[in-house]
Each structure stands twice: as C-alpha cells, then as structure tokens.
Amino acid sequence: MIRYGSVLVAALLCAGCAPSPQIYSDEKPVLDVPTYFAGMTDAWGYFQDRNGKVGKRFKVEVQGTWSGQTGTLDEHFTYSDGTTSRRVWTITSIDEHHYVGKADDVVGEAKGEAYGNALHWRYVLKLPVDGSTYEVSFDDWMYQMDDQVMLNYSSMSKFGVRLGEVVLSFRRRA
C-alpha cells in the first residue's frame with residue numbers, strides 16, 4: 001500500500017512539472033498573437049485517445065478580429081463524421097506575455113502565457129460526449145513555425161487522468 005501511495009504522490013507532484021513557456025524566450029519567430037490570428041486562419045486536427053486511437057478528425061476555419069488589447073476568434077469546426085460546431089473566443093492581452101480567454105464552453109477563464117514562439121494555455125472545457133457533458137482540463141501548447149504555420153498540441157485530462165490529445169496544424173490565409 002505504501003508503494004502505491006508514493007506513486008500517487010509522485011504523480012501529483014509531477015503534474016505541476018510542465019516546462020515554463022519562458023524557456024522559449026529566444027525562439028523565433030516571436031509569436032504575436034493578434035498579428036498571427038488577424039484575418040482568416042485554417043487548421044486541421046484530430047483527437048487521439050489515451051490508447052493511441054485517432055478519433056474524430058476535423059477542420060477549423062478561424063476568423064480573427066482585434067481592437068486594441070481584445071480580440072475575437074470565431075472558430076467553425078467541421079468534423080470527419082459531418083457534424084459541425086462553433087466556438088467564439090474573446091481574448092484579452094493583459095501584458096506583453098499574458099492573456100486571458102473566454103468562450104461559452106470554457107469554465108471560467110483560459111490563462112495564457114507567451115514567450116518567444118510559444119503560447120501555453122490552460123483551461124477547462126465543457127466537452128459534450130454521447131449526450132453528456134464533461135468538464136475536461138486542457139494543457140494547450142502552440143508553437144509558431146514561420147509567418148504562416150503554427151503547430152498545436154493539447155493534452156486533455158479529468159481528475160489528473162490523461163484522456164488523450166488534440167493535435168492541430170494552423171495555416172494563415174494569404
């Protein structure tokens with residue numbers, strides 16, 4: 001019993017061991033969130049469960065508009081099974097490195113931190129699954145690769161148990 005308790009304590013302590021986005025401070029190109037998400041951006045992605053099986057694949061069309069420190073990202077999802085959904089984010093720049101975001105299906109606020117080419121978001125999303133809705137934690141990392149492409153990796157968990165990942169590739173429209 002002591003062995004399992006030690007493993008649980010170690011797992012809980014490591015839950016806070018994610019790298020700080022500050023380690024990417026020197027990476028280029030420097031991500032400027034309002035500039036990258038101004039206008040139309042397309043994204044392609046998929047959900048992969050904890051066993052490695054790819055579930056729904058999807059495409060997202062994102063319309064970004066900004067006014068001062070506040071932006072709106074209007075996301076339209078089309079899934080591989082033909083279903084669609086929409087999420088509208090309101091994102092506010094707090095300072096040079098910190099953002100908060102809100103959307104109807106986000107519990108409270110998303111908290112974001114950007115350094116260099118990386119943006120790290122943490123938030124809880126109300127996720128509909130088979131007629132029920134679950135509150136799922138997202139640990140979301142975005143990396144700008146060049147002026148047009150950004151890669152996104154999100155780990156999903158509930159009660160500290162990893163449920164799967166979401167992977168996306170964004171491309172700004174010319």
# chains A, B, ... in the order shown; residues from 1 in each chain; ligands from 1
call {"tool": "closest_atom_pairs", "arguments": {"of": "range 54-131 of chain A", "to": "range 147-153 of chain A", "cutoff": "10 Å", "atoms": "only C-alpha atoms", "output": "Markdown table"}}
result
| residue | atom | partner | partner_atom | distance |
| --- | --- | --- | --- | --- |
| A:Asn117 | CA | A:Met150 | CA | 9.2 |
| A:Ala118 | CA | A:Met150 | CA | 9.4 |
| A:Leu119 | CA | A:Asn152 | CA | 9.3 |
| A:His120 | CA | A:Asn152 | CA | 9.7 |
call {"tool": "residues_around", "arguments": {"residues": "Thr35 in chain A", "least_positions_apart": "4", "cutoff": "10 Å", "atoms": "only C-alpha atoms", "output": "PDB file with N, CA and C atoms, in the first residue's frame"}}
result
ATOM      1  N   LEU A  31       6.089  34.954 -31.483  1.00  0.00           N
ATOM      2  CA  LEU A  31       4.641  34.900 -31.695  1.00  0.00           C
ATOM      3  C   LEU A  31       3.985  36.177 -31.189  1.00  0.00           C
ATOM      4  N   GLY A  39      -7.462  38.171 -39.307  1.00  0.00           N
ATOM      5  CA  GLY A  39      -7.964  37.661 -40.581  1.00  0.00           C
ATOM      6  C   GLY A  39      -8.314  36.188 -40.494  1.00  0.00           C
ATOM      7  N   GLY A  64     -10.313  35.963 -37.193  1.00  0.00           N
ATOM      8  CA  GLY A  64      -9.809  36.748 -36.082  1.00  0.00           C
ATOM      9  C   GLY A  64      -9.949  38.228 -36.327  1.00  0.00           C
ATOM     10  N   THR A  65     -10.480  38.944 -35.331  1.00  0.00           N
ATOM     11  CA  THR A  65     -10.570  40.405 -35.386  1.00  0.00           C
ATOM     12  C   THR A  65     -10.044  40.953 -34.064  1.00  0.00           C
ATOM     13  N   TRP A  66      -9.378  42.109 -34.137  1.00  0.00           N
ATOM     14  CA  TRP A  66      -8.754  42.695 -32.951  1.00  0.00           C
ATOM     15  C   TRP A  66      -9.075  44.174 -32.866  1.00  0.00           C
ATOM     16  N   ASP A 147       5.862  32.525 -40.572  1.00  0.00           N
ATOM     17  CA  ASP A 147       4.799  33.527 -40.658  1.00  0.00           C
ATOM     18  C   ASP A 147       3.418  32.924 -40.910  1.00  0.00           C
TER      19      ASP A 147
END
call {"tool": "select_by_dssp", "arguments": {"residues": "range 13-109 of chain A", "states": "alpha helix (DSSP H)", "output": "ChimeraX atom specification"}}
result
/A:13-14,33-36
call {"tool": "residues_around", "arguments": {"residues": "range 133-138 of chain A", "least_positions_apart": "5", "cutoff": "8 Å", "atoms": "only C-alpha atoms", "output": "list of chain:residue names"}}
result
A:Val107, A:Trp121, A:Arg122, A:Tyr123, A:Val124, A:Leu125, A:Lys126, A:Leu127, A:Pro128, A:Ser154, A:Ser155, A:Met156, A:Ser157, A:Lys158
